[in-house]
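Participant: What follows is query_28.cif, mmCIF, C-alpha atoms.
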data_my_file
#
loop_
_atom_site.label_atom_id
_atom_site.label_comp_id
_atom_site.auth_asym_id
_atom_site.auth_seq_id
_atom_site.Cartn_x
_atom_site.Cartn_y
_atom_site.Cartn_z
CA MET A 1 31.05 -19.84 12.63
CA GLY A 2 30.29 -20.74 16.22
CA GLY A 3 28.74 -18.94 19.16
CA LEU A 4 25.81 -18.84 21.50
CA VAL A 5 22.12 -17.97 21.57
CA ILE A 6 21.36 -14.98 23.79
CA PRO A 7 18.50 -16.13 26.10
CA HIS A 8 16.65 -12.82 26.21
CA HIS A 9 13.45 -14.49 27.47
CA LYS A 10 13.24 -16.70 30.56
CA THR A 11 11.56 -19.61 28.73
CA MET A 12 14.68 -20.02 26.57
CA LEU A 13 16.94 -20.75 29.56
CA TYR A 14 15.48 -24.24 30.00
CA PHE A 15 15.81 -25.42 26.41
CA ILE A 16 19.16 -24.16 25.11
CA ASP A 17 21.53 -27.11 25.50
CA ASP A 18 24.16 -26.49 22.84
CA PHE A 19 26.23 -23.81 21.15
CA ALA A 20 25.10 -22.17 17.92
CA ALA A 21 26.93 -23.06 14.71
CA GLY A 22 26.58 -22.17 11.06
CA ILE A 23 28.04 -20.94 7.81
CA GLU A 24 27.69 -17.79 5.75
CA LEU A 25 28.45 -17.24 2.06
CA ASN A 26 28.68 -13.76 0.54
CA TYR A 27 29.20 -12.40 -2.95
CA GLY A 28 30.01 -8.70 -3.13
CA TYR A 29 31.58 -5.97 -5.21
CA ARG A 30 33.13 -2.56 -4.66
CA GLN A 31 33.23 0.41 -7.00
CA PHE A 32 36.09 2.89 -6.63
CA ASN A 33 34.60 5.88 -8.41
CA THR A 34 35.03 9.30 -6.85
CA ASP A 35 31.89 10.56 -8.64
CA SER A 36 29.60 7.87 -7.16
CA TRP A 37 27.61 7.88 -3.92
CA GLU A 38 29.89 5.08 -2.68
CA ALA A 39 32.70 7.61 -2.35
CA PHE A 40 30.81 9.36 0.49
CA PHE A 41 30.86 6.08 2.47
CA ASN A 42 34.54 5.23 1.86
CA TYR A 43 33.68 2.83 -0.99
CA PRO A 44 31.65 0.10 0.76
CA GLU A 45 31.15 -3.45 -0.43
CA ILE A 46 27.61 -4.27 -1.62
CA GLY A 47 26.42 -7.80 -2.13
CA LEU A 48 24.14 -10.76 -1.54
CA GLY A 49 24.57 -13.32 1.23
CA PHE A 50 23.29 -16.71 2.40
CA TYR A 51 23.16 -17.83 6.04
CA TYR A 52 22.62 -21.20 7.71
CA GLY A 53 22.70 -21.65 11.47
CA THR A 54 21.51 -23.61 14.49
CA PHE A 55 19.83 -22.06 17.52
CA GLY A 56 21.04 -24.05 20.53
CA SER A 57 18.35 -26.75 20.40
CA LYS A 58 17.61 -28.52 17.13
CA GLU A 59 14.66 -30.42 18.61
CA ILE A 60 12.80 -27.27 19.68
CA TYR A 61 14.17 -24.30 17.69
CA GLY A 62 15.34 -26.20 14.64
CA GLU A 63 17.62 -24.54 12.09
CA GLY A 64 17.57 -21.22 10.29
CA TYR A 65 18.27 -20.13 6.72
CA ALA A 66 18.42 -16.62 5.30
CA LEU A 67 18.98 -14.83 2.02
CA PHE A 68 19.86 -11.15 2.27
CA PRO A 69 21.41 -8.12 0.59
CA TYR A 70 24.11 -6.38 2.60
CA ILE A 71 26.37 -3.37 2.70
CA GLN A 72 29.80 -3.54 4.32
CA TYR A 73 31.45 -0.27 5.32
CA LYS A 74 35.22 0.13 5.53
CA LEU A 75 36.33 1.57 8.85
CA PHE A 76 40.00 1.21 7.93
CA ARG A 77 41.69 0.21 4.69
CA SER A 78 45.29 -0.40 3.65
CA PRO A 79 46.50 -2.40 0.63
CA ARG A 80 46.38 -5.68 2.62
CA ILE A 81 44.26 -5.03 5.72
CA SER A 82 40.70 -3.75 6.07
CA ILE A 83 38.43 -3.41 9.10
CA ASN A 84 34.74 -3.41 8.28
CA ASN A 85 31.24 -3.29 9.71
CA LYS A 86 28.38 -4.98 7.87
CA VAL A 87 24.62 -4.43 7.92
CA ALA A 88 22.30 -7.02 6.34
CA MET A 89 18.54 -7.39 6.10
CA GLY A 90 16.55 -10.05 4.28
CA LEU A 91 14.24 -13.06 4.50
CA GLY A 92 14.79 -15.88 6.97
CA TYR A 93 13.34 -19.38 7.20
CA ALA A 94 12.88 -21.30 10.48
CA SER A 95 12.63 -25.07 10.08
CA LYS A 96 10.64 -25.83 13.29
CA PRO A 97 8.21 -23.08 14.29
CA PHE A 98 5.75 -23.26 17.18
CA HIS A 99 3.02 -25.87 16.79
CA LEU A 100 0.16 -26.32 19.25
CA GLU A 101 0.55 -30.10 19.28
CA ASP A 102 4.06 -30.92 18.05
CA ASN A 103 6.27 -28.04 19.26
CA THR A 104 4.63 -26.13 22.10
CA TYR A 105 7.93 -25.17 23.78
CA ASN A 106 9.08 -22.99 20.88
CA MET A 107 8.06 -19.48 21.92
CA VAL A 108 10.67 -17.98 19.55
CA PHE A 109 9.17 -18.61 16.09
CA SER A 110 5.57 -19.21 15.08
CA THR A 111 6.06 -18.96 11.30
CA HIS A 112 8.49 -20.47 8.83
CA LEU A 113 9.10 -17.10 7.13
CA ASN A 114 10.80 -14.40 9.19
CA ILE A 115 12.77 -11.20 8.88
CA TYR A 116 16.55 -11.63 9.13
CA ILE A 117 18.85 -8.87 10.40
CA GLY A 118 22.62 -9.25 10.62
CA LEU A 119 25.32 -6.99 12.08
CA ALA A 120 29.03 -7.77 11.93
CA LEU A 121 32.47 -6.35 12.68
CA SER A 122 35.27 -7.99 10.70
CA MET A 123 38.91 -7.79 9.69
CA ASP A 124 40.32 -9.01 6.36
CA TYR A 125 43.99 -9.74 5.68
CA ARG A 126 45.15 -10.18 2.10
CA LEU A 127 47.29 -13.35 1.93
CA SER A 128 47.85 -13.19 -1.83
CA ASP A 129 46.50 -11.44 -4.90
CA ARG A 130 43.46 -13.77 -4.88
CA LEU A 131 42.96 -14.88 -1.27
CA SER A 132 42.18 -13.15 2.04
CA ALA A 133 41.67 -14.48 5.55
CA THR A 134 38.79 -12.95 7.47
CA LEU A 135 37.89 -12.85 11.17
CA SER A 136 34.44 -11.68 12.22
CA GLY A 137 32.12 -11.15 15.16
CA ASP A 138 28.42 -11.33 14.22
CA LEU A 139 25.04 -10.64 15.80
CA THR A 140 22.03 -12.06 13.95
CA HIS A 141 18.32 -11.71 14.69
CA MET A 142 15.29 -13.50 13.26
CA SER A 143 11.61 -12.88 14.00
CA ASN A 144 8.33 -12.35 12.15
CA GLY A 145 7.68 -8.87 13.54
CA ALA A 146 4.57 -9.96 15.53
CA ALA A 147 2.77 -11.09 12.38
CA LYS A 148 1.94 -14.22 14.38
CA LYS A 149 2.52 -15.09 18.04
CA PRO A 150 4.48 -16.41 19.89
CA ASN A 151 7.31 -14.29 18.54
CA HIS A 152 10.10 -13.65 21.03
CA GLY A 153 12.57 -13.87 18.13
CA ILE A 154 16.11 -15.16 18.43
CA ASN A 155 19.47 -13.41 18.81
CA VAL A 156 22.69 -15.28 18.05
CA LEU A 157 26.18 -13.99 18.87
CA THR A 158 28.94 -15.75 16.93
CA ALA A 159 32.62 -15.54 16.04
CA SER A 160 33.79 -16.80 12.68
CA PHE A 161 36.92 -17.44 10.69
CA GLY A 162 36.86 -17.78 6.94
CA ALA A 163 38.41 -17.06 3.57
CA LYS A 164 37.60 -14.63 0.80
CA TYR A 165 38.39 -15.16 -2.88
CA HIS A 166 39.04 -12.06 -5.01
CA PHE A 167 38.07 -12.14 -8.68
CA ASN A 168 40.11 -8.95 -9.10
CA PRO A 169 43.77 -9.59 -8.18
CA ASP A 170 44.54 -5.92 -7.46
CA LEU A 171 45.21 -4.97 -3.85
CA ASN A 172 43.02 -2.41 -2.13
CA PRO A 173 43.74 1.00 -3.66
CA ARG A 174 44.81 3.82 -1.39
CA THR A 175 41.89 6.22 -1.26
CA SER A 176 41.08 9.41 0.55
CA ARG A 177 37.66 10.01 2.03
CA VAL A 178 35.39 12.13 -0.16
CA GLU A 179 33.26 14.54 1.85
CA PRO A 180 29.69 14.74 0.57
CA PRO A 181 28.78 18.22 -0.63
CA LYS A 182 26.38 20.16 1.55
CA SER A 183 22.81 20.23 0.36
CA ASN A 184 20.08 22.85 0.37
CA GLU A 185 17.44 20.25 -0.48
CA ARG A 186 14.28 19.94 1.57
CA GLU A 187 11.46 17.48 1.15
CA LEU A 188 8.02 16.71 2.48
CA LEU A 189 7.43 12.95 2.46
CA ILE A 190 3.85 11.67 2.81
CA MET A 191 3.74 7.93 3.44
CA GLY A 192 0.88 5.48 3.89
CA SER A 193 1.52 1.92 5.08
CA ILE A 194 -0.47 -1.14 6.14
CA GLY A 195 0.17 -4.47 7.86
CA ARG A 196 -1.35 -7.24 10.01
CA SER A 197 -0.35 -8.61 13.40
CA GLN A 198 -1.40 -10.91 16.22
CA SER A 199 -1.65 -9.27 19.64
CA SER A 200 -0.75 -12.24 21.85
CA VAL A 201 -0.36 -16.00 21.88
CA TYR A 202 -3.68 -16.21 23.77
CA ASN A 203 -5.59 -14.43 21.00
CA PRO A 204 -5.25 -16.09 17.56
CA GLN A 205 -7.11 -13.28 15.77
CA LYS A 206 -5.20 -11.23 13.17
CA PHE A 207 -5.63 -7.47 13.37
CA TRP A 208 -5.17 -4.70 10.80
CA ASN A 209 -2.66 -1.93 11.39
CA ALA A 210 -2.07 1.17 9.29
CA SER A 211 -0.20 4.45 9.44
CA LEU A 212 -0.23 7.77 7.63
CA ASN A 213 2.65 10.12 8.35
CA MET A 214 4.13 13.34 7.08
CA ASN A 215 7.88 13.86 7.48
CA TYR A 216 9.67 17.11 6.71
CA ILE A 217 13.35 16.37 6.02
CA TRP A 218 16.37 18.67 5.94
CA HIS A 219 19.11 17.18 3.74
CA LEU A 220 22.38 17.98 5.51
CA ASN A 221 24.34 16.69 2.53
CA GLN A 222 24.03 14.00 -0.13
CA LYS A 223 24.63 11.36 2.54
CA ARG A 224 22.38 12.22 5.50
CA GLY A 225 19.22 14.06 6.47
CA ILE A 226 17.25 14.78 9.62
CA GLY A 227 13.55 15.43 9.95
CA ILE A 228 10.48 15.91 12.07
CA GLY A 229 7.03 14.52 11.42
CA ILE A 230 3.61 13.55 12.63
CA ASP A 231 2.09 10.06 12.71
CA GLN A 232 -1.52 9.01 12.56
CA LEU A 233 -1.61 5.35 13.52
CA TYR A 234 -4.50 2.89 13.38
CA SER A 235 -4.13 -0.44 15.16
CA GLU A 236 -6.93 -2.88 16.01
CA ALA A 237 -4.45 -4.87 18.13
CA ILE A 238 -3.86 -2.05 20.64
CA PRO A 239 -6.56 -2.97 23.20
CA TYR A 240 -5.05 -6.47 23.46
CA ALA A 241 -1.33 -5.77 22.94
CA TRP A 242 -1.02 -2.73 25.22
CA GLN A 243 -2.87 -4.14 28.23
CA GLU A 244 -1.96 -6.95 30.59
CA PHE A 245 -3.80 -10.15 29.74
CA ASP A 246 -5.54 -10.21 33.14
CA ASN A 247 -6.86 -6.67 32.61
CA ILE A 248 -8.47 -7.21 29.21
CA GLU A 249 -12.25 -7.12 29.38
CA ASP A 250 -13.59 -9.69 26.93
CA GLN A 251 -17.09 -8.28 27.01
CA LEU A 252 -16.00 -4.71 26.35
CA SER A 253 -16.44 -3.56 22.75
CA TYR A 254 -13.88 -1.21 21.30
CA SER A 255 -14.57 1.54 18.79
CA THR A 256 -12.47 3.12 16.05
CA LYS A 257 -11.43 5.86 18.47
CA ASP A 258 -9.68 3.24 20.60
CA TYR A 259 -7.59 2.18 17.60
CA LEU A 260 -6.35 5.69 16.71
CA ILE A 261 -3.05 7.05 18.03
CA THR A 262 -1.29 10.28 17.14
CA GLY A 263 2.45 10.73 17.52
CA LEU A 264 5.23 13.22 16.89
CA PHE A 265 8.60 11.87 15.75
CA ALA A 266 12.15 12.82 14.80
CA SER A 267 13.84 10.99 11.92
CA TYR A 268 17.40 10.21 10.89
CA ASN A 269 18.01 9.26 7.27
CA VAL A 270 20.95 7.76 5.40
CA TYR A 271 20.88 7.85 1.57
CA LEU A 272 22.50 5.15 -0.57
CA ASN A 273 21.65 6.27 -4.09
CA LYS A 274 17.94 5.33 -4.49
CA THR A 275 17.81 3.55 -1.12
CA ASN A 276 17.00 5.34 2.13
CA LEU A 277 17.70 3.72 5.52
CA PHE A 278 15.83 5.49 8.30
CA ALA A 279 15.23 5.41 12.04
CA ASN A 280 12.44 7.32 13.77
CA LEU A 281 11.88 7.99 17.45
CA GLY A 282 8.41 9.19 18.34
CA VAL A 283 6.36 10.26 21.34
CA TYR A 284 2.63 9.54 21.68
CA LEU A 285 0.53 12.70 21.72
CA HIS A 286 -2.98 11.25 21.82
CA HIS A 287 -4.30 7.80 22.74
CA ARG A 288 -7.36 6.31 24.42
CA ILE A 289 -5.50 3.29 25.84
CA LYS A 290 -2.28 3.88 27.76
CA PRO A 291 0.80 2.66 25.83
CA PRO A 292 3.49 0.51 27.53
CA GLN A 293 6.02 3.35 27.09
CA PRO A 294 5.61 7.01 26.05
CA LEU A 295 8.20 6.64 23.24
CA TYR A 296 8.12 4.39 20.19
CA PRO A 297 10.79 3.58 17.57
CA ARG A 298 10.39 2.73 13.90
CA ILE A 299 13.16 1.52 11.62
CA GLY A 300 12.98 0.64 7.97
CA ILE A 301 14.12 0.95 4.41
CA ARG A 302 12.69 2.93 1.50
CA TYR A 303 13.39 2.75 -2.22
CA ALA A 304 12.65 5.29 -4.94
CA LEU A 305 10.59 3.45 -7.57
CA LEU A 306 10.32 6.74 -9.49
CA PRO A 307 11.99 10.07 -8.67
CA ASN A 308 9.18 10.96 -6.24
CA LEU A 309 7.32 7.65 -5.72
CA ILE A 310 8.73 5.82 -2.69
CA ALA A 311 8.21 2.21 -1.54
CA ASN A 312 8.42 1.56 2.19
CA PHE A 313 9.09 -1.39 4.50
CA SER A 314 9.38 -0.74 8.23
CA VAL A 315 8.89 -2.14 11.71
CA LYS A 316 6.91 -0.21 14.30
CA ALA A 317 7.92 -1.20 17.81
CA SER A 318 7.28 -0.54 21.47
CA PHE A 319 10.66 -0.24 23.17
CA PHE A 320 12.46 -3.47 22.02
CA ARG A 321 9.27 -5.38 21.15
CA SER A 322 8.02 -5.40 17.58
CA GLU A 323 4.34 -4.46 17.22
CA PHE A 324 3.82 -4.83 13.48
CA LEU A 325 5.48 -4.88 10.08
CA GLU A 326 4.19 -2.42 7.51
CA PHE A 327 4.45 -2.04 3.75
CA GLY A 328 3.49 1.13 1.93
CA LEU A 329 3.88 3.76 -0.73
CA GLY A 330 4.62 7.45 -0.42
CA TYR A 331 5.17 10.59 -2.43
CA ARG A 332 7.76 13.26 -1.79
CA PHE A 333 7.71 16.93 -2.66
CA LYS A 334 11.28 18.20 -3.05
CA TYR A 335 12.68 21.68 -3.39
CA SER A 336 15.98 23.47 -2.83
CA LYS A 337 16.30 26.32 -0.38
CA LYS A 338 18.06 29.30 -1.90
CA ASP A 339 21.46 30.14 -0.44
CA LYS A 340 21.25 33.66 1.07
CA SER A 341 25.01 34.21 0.93
#
Rewrite the coordinates I just gave you, this time as structure tokens.

Facilitator:
Amino acid sequence: MGGLVIPHHKTMLYFIDDFAAGIELNYGYRQFNTDSWEAFFNYPEIGLGFYYGTFGSKEIYGEGYALFPYIQYKLFRSPRISINNKVAMGLGYASKPFHLEDNTYNMVFSTHLNIYIGLALSMDYRLSDRLSATLSGDLTHMSNGAAKKPNHGINVLTASFGAKYHFNPDLNPRTSRVEPPKSNERELLIMGSIGRSQSSVYNPQKFWNASLNMNYIWHLNQKRGIGIGIDQLYSEAIPYAWQEFDNIEDQLSYSTKDYLITGLFASYNVYLNKTNLFANLGVYLHHRIKPPQPLYPRIGIRYALLPNLIANFSVKASFFRSEFLEFGLGYRFKYSKKDKS
């Protein structure tokens, strides 16, 4: 694969002197079972992938590696041709992060370990019973979610051409989309999460962040749900992250009240068996320090460890800037609303 690094921060314009290049290896499987959850998503491919790539300047930004699970949805399928979009999320490794003495120009990574996110649109053409040619356009992102600064992150846009080997020689079966049955399920999800972050490159201190939220979710069907909820956030980094550096008063002491923020949010949920992908959009209701924007997003993934015990990983952001990563546990109370008809 080959492409270019998107210079989304002005400091990157001076140091990118080459195109991005890399390889990606994926192993996946598909299950054509009309009784499975995969049928509601037109039988996607699920798998594990490995990524290696350069970032436009080996001397400053080094190279990146990633290991990730992925899901690839079929937008169109015939026996020989399929058009797909892929979503991946996993762990990334940056070979040359920021260093105060040896690599001060790298404002993109400050840690070796990072979060990797990949999006792709691809087309496969079956050349034979075992071999396919594939053409893909990919957007990849790596950053540490503000766990340590500097952390502008990196975005790479690439085009790739490759081959796919099929262990099963059968051509794609002709399938019809299975509509997920409507659901009367409702749930109240109570989630507590915690994480640490650095507010700015000028302040090396690590701050604690936490959140407690309640989310009431209406399950539209076995595939999707929408909800509304309330957030109680606690962030010691707020006085330093939400204010301009020149306006921060070093001598001023902050209290717990300055770290507390209340928000109201709407949620959108996609259910893949025990896995829940979600995106929230919230509005701040109460704060002592003015936020950069009145709205805040949160995206993440949850997994049902037990029927009602839920593990959570998510990123709380301010517009397009990550504020902190959070890990947590939650409990859900589920019930079914009786059909009045």

Participant: List the neighbours of Ser336 in chain A out to 9 Å using only C-alpha atoms; skip same-chain residues closer than 2 positions along the sequence, and give me the result as a PyMOL selection string.

Facilitator: chain A and resi 183-187+334+338-339

Participant: Can you write just those residues out, C-alpha atoms, as a PDB file, in the coordinates of the input?

Facilitator:
ATOM      1  CA  SER A 183      22.810  20.230   0.360  1.00  0.00           C
ATOM      2  CA  ASN A 184      20.080  22.850   0.370  1.00  0.00           C
ATOM      3  CA  GLU A 185      17.440  20.250  -0.480  1.00  0.00           C
ATOM      4  CA  ARG A 186      14.280  19.940   1.570  1.00  0.00           C
ATOM      5  CA  GLU A 187      11.460  17.480   1.150  1.00  0.00           C
ATOM      6  CA  LYS A 334      11.280  18.200  -3.050  1.00  0.00           C
ATOM      7  CA  LYS A 338      18.060  29.300  -1.900  1.00  0.00           C
ATOM      8  CA  ASP A 339      21.460  30.140  -0.440  1.00  0.00           C
TER       9      ASP A 339
END

Participant: Rounded to one decimal in Å, what is the spacing between CA of Gly56 in chain A and CA of Tyr105 in chain A?

Facilitator: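 Those two atoms sit 13.6 Å apart.
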
Participant: Closest to Thr140 in chain A among A:Ile6, A:Leu260, A:Ala39, A:Ile226, using all atoms listed in the file?

Facilitator: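 The shortest atom-to-atom distance to Thr140 in chain A comes from A:Ile6.
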
Participant: With distances taken over only C-alpha atoms, which of A:Tyr202, A:Phe207, A:Tyr125, A:Phe40 is nearest to Leu171 in chain A?

Facilitator: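 For Leu171 in chain A, the nearest of the candidates is A:Tyr125.
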
Participant: Counting all atoms listed in the file, which of A:Leu220, A:Ile115, A:Met12, A:Val156 gets nearest to Gly53 in chain A?

Facilitator: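 So, comparing all the options, the nearest one is A:Val156.
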
Participant: Can you list what the PyMOL selection byres ((chain A and resi 143) around 9) grabs from this structure, as an MDAnalysis selection string?

Facilitator: chainID A and resid 92 108:111 113:116 141:142 144:146 151:154

Participant: Once the PyMOL selection byres ((chain A and resi 262) around 7) has been applied to the shown file, what residues remain in the selection, as a ChimeraX atom specification?

Facilitator: /A:231-233,260-261,263,284-287

Participant: Box for range 144-163 of chain A: with edges along x, y and z, all listed atoms inside and 5 Å added on each side, what are the centre and edge lengths in Å to one decimal, as lines of an AutoDock Vina configuration file?

Facilitator:
center_x = 20.2
center_y = -13.3
center_z = 12.3
size_x = 46.5
size_y = 18.9
size_z = 27.5

Participant: So how far away is CA of Arg30 in chain A from CA of Asn168 in chain A, in Å?

Facilitator: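 Pair CA of Asn168 in chain A / CA of Arg30 in chain A returns 10.5 Å.
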
Participant: Run the PyMOL selection byres ((chain A and resi 81) around 8) against the file shown and list the residues it catches, as a PyMOL selection string.

Facilitator: chain A and resi 76-80+82-83+123-126

Participant: For CA of Ala237 in chain A and CA of Lys206 in chain A, determine how far apart the two atoms are, in Å to one decimal place.

Facilitator: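 Straight-line distance from CA of Ala237 in chain A to CA of Lys206 in chain A works out to 8.1 Å.
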
Participant: Go through A:Ala159, A:Leu309, A:Met107, A:Pro97 and flag the residue nearest Tyr14 in chain A, using all atoms listed in the file for the distances.

Facilitator: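 The shortest atom-to-atom distance to Tyr14 in chain A comes from A:Met107.
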
Participant: With all atoms listed in the file counted, which protein, DNA or RNA residues have an atom no more than 9 Å from (4.8, 14.7, 11.8) in the file frame? Please answer as a list in words.

Facilitator: Asn213, Met214, Asn215, Tyr216, Gly227, Ile228, Gly229, Ile230, Asp231, Gln232, Gly263, Leu264, Phe265 and Ala266 of chain A

Participant: Could you tell me which of A:Tyr331, A:Trp37, A:Tyr61, A:Trp242 comes closest to Pro181 in chain A if we count only C-alpha atoms?

Facilitator: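 That would be A:Trp37, the residue with the smallest distance to Pro181 in chain A.
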
Participant: Give me the residues near Gly64 in chain A as a list in words, where near means some atom within 9 Å (using all atoms listed in the file) and where sequence neighbours in that chain fewer than 2 positions away do not count.

Facilitator: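 Answer for this query is Tyr51, Tyr52, Gly53, Thr54, Phe55, Tyr61, Gly62, Ala66, Gly92, Tyr93, Ala94, Ser95, Lys96 and Met142 of chain A.
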
Participant: Please determine, counting all atoms listed in the file, which residue among A:Asn221, A:Tyr27, A:Ser122, A:Phe68 has the shortest atom-to-atom distance to Glu179 in chain A.

Facilitator: A:Asn221

Participant: Output: range 205-279 of chain A of the preceding structure, restricted to C-alpha atoms, written as a short mmCIF file (atom, residue, chain, number, x, y, z; two decimals), in the first residue's frame.

Facilitator:
data_model
loop_
_atom_site.label_atom_id
_atom_site.label_comp_id
_atom_site.auth_asym_id
_atom_site.auth_seq_id
_atom_site.Cartn_x
_atom_site.Cartn_y
_atom_site.Cartn_z
CA GLN A 205 1.94 15.86 35.41
CA LYS A 206 -0.51 12.97 34.93
CA PHE A 207 -4.08 13.61 36.01
CA TRP A 208 -6.91 11.27 37.01
CA ASN A 209 -10.16 11.25 35.05
CA ALA A 210 -13.34 9.33 35.83
CA SER A 211 -16.94 9.15 34.73
CA LEU A 212 -20.20 7.73 36.02
CA ASN A 213 -23.11 7.67 33.61
CA MET A 214 -26.59 6.26 33.31
CA ASN A 215 -27.91 5.46 29.84
CA TYR A 216 -31.48 4.43 29.10
CA ILE A 217 -31.56 2.52 25.79
CA TRP A 218 -34.47 1.67 23.50
CA HIS A 219 -33.64 -1.41 21.41
CA LEU A 220 -35.11 -0.74 17.97
CA ASN A 221 -34.31 -4.29 16.90
CA GLN A 222 -31.65 -6.93 17.54
CA LYS A 223 -29.17 -4.83 15.56
CA ARG A 224 -29.49 -1.24 16.82
CA GLY A 225 -30.58 0.86 19.77
CA ILE A 226 -30.82 4.53 20.68
CA GLY A 227 -30.64 6.09 24.11
CA ILE A 228 -30.42 9.12 26.32
CA GLY A 229 -28.32 9.51 29.43
CA ILE A 230 -26.62 11.68 31.98
CA ASP A 231 -22.88 11.96 32.65
CA GLN A 232 -21.08 12.90 35.81
CA LEU A 233 -17.47 13.52 34.85
CA TYR A 234 -14.44 14.12 37.05
CA SER A 235 -11.25 15.40 35.45
CA GLU A 236 -8.25 16.90 37.25
CA ALA A 237 -6.82 17.93 33.86
CA ILE A 238 -9.68 20.34 33.05
CA PRO A 239 -8.15 23.56 34.49
CA TYR A 240 -5.07 23.01 32.31
CA ALA A 241 -6.57 21.38 29.20
CA TRP A 242 -9.57 23.69 28.76
CA GLN A 243 -7.76 27.00 29.18
CA GLU A 244 -5.18 28.69 26.98
CA PHE A 245 -1.67 28.22 28.31
CA ASP A 246 -1.19 31.99 28.77
CA ASN A 247 -4.37 32.21 30.87
CA ILE A 248 -3.54 29.48 33.38
CA GLU A 249 -2.80 30.87 36.83
CA ASP A 250 -0.03 28.78 38.36
CA GLN A 251 -0.64 30.11 41.84
CA LEU A 252 -4.37 29.43 41.78
CA SER A 253 -5.44 26.28 43.62
CA TYR A 254 -8.30 24.28 42.22
CA SER A 255 -10.87 22.36 44.24
CA THR A 256 -12.90 19.24 43.55
CA LYS A 257 -15.78 21.41 42.33
CA ASP A 258 -13.57 22.63 39.48
CA TYR A 259 -13.03 19.04 38.34
CA LEU A 260 -16.73 18.09 38.21
CA ILE A 261 -18.76 18.38 35.00
CA THR A 262 -22.30 17.24 34.33
CA GLY A 263 -23.55 16.43 30.85
CA LEU A 264 -26.59 15.14 29.00
CA PHE A 265 -26.03 12.86 26.01
CA ALA A 266 -27.73 10.89 23.25
CA SER A 267 -26.35 7.48 22.29
CA TYR A 268 -26.38 5.29 19.20
CA ASN A 269 -25.63 1.60 19.65
CA VAL A 270 -24.82 -1.24 17.27
CA TYR A 271 -24.94 -4.81 18.63
CA LEU A 272 -22.69 -7.58 17.31
CA ASN A 273 -23.64 -10.53 19.49
CA LYS A 274 -21.91 -9.78 22.85
CA THR A 275 -20.11 -6.72 21.50
CA ASN A 276 -21.64 -3.24 21.51
CA LEU A 277 -20.17 -0.41 19.41
CA PHE A 278 -21.46 2.97 20.56
CA ALA A 279 -21.21 6.68 19.84
#
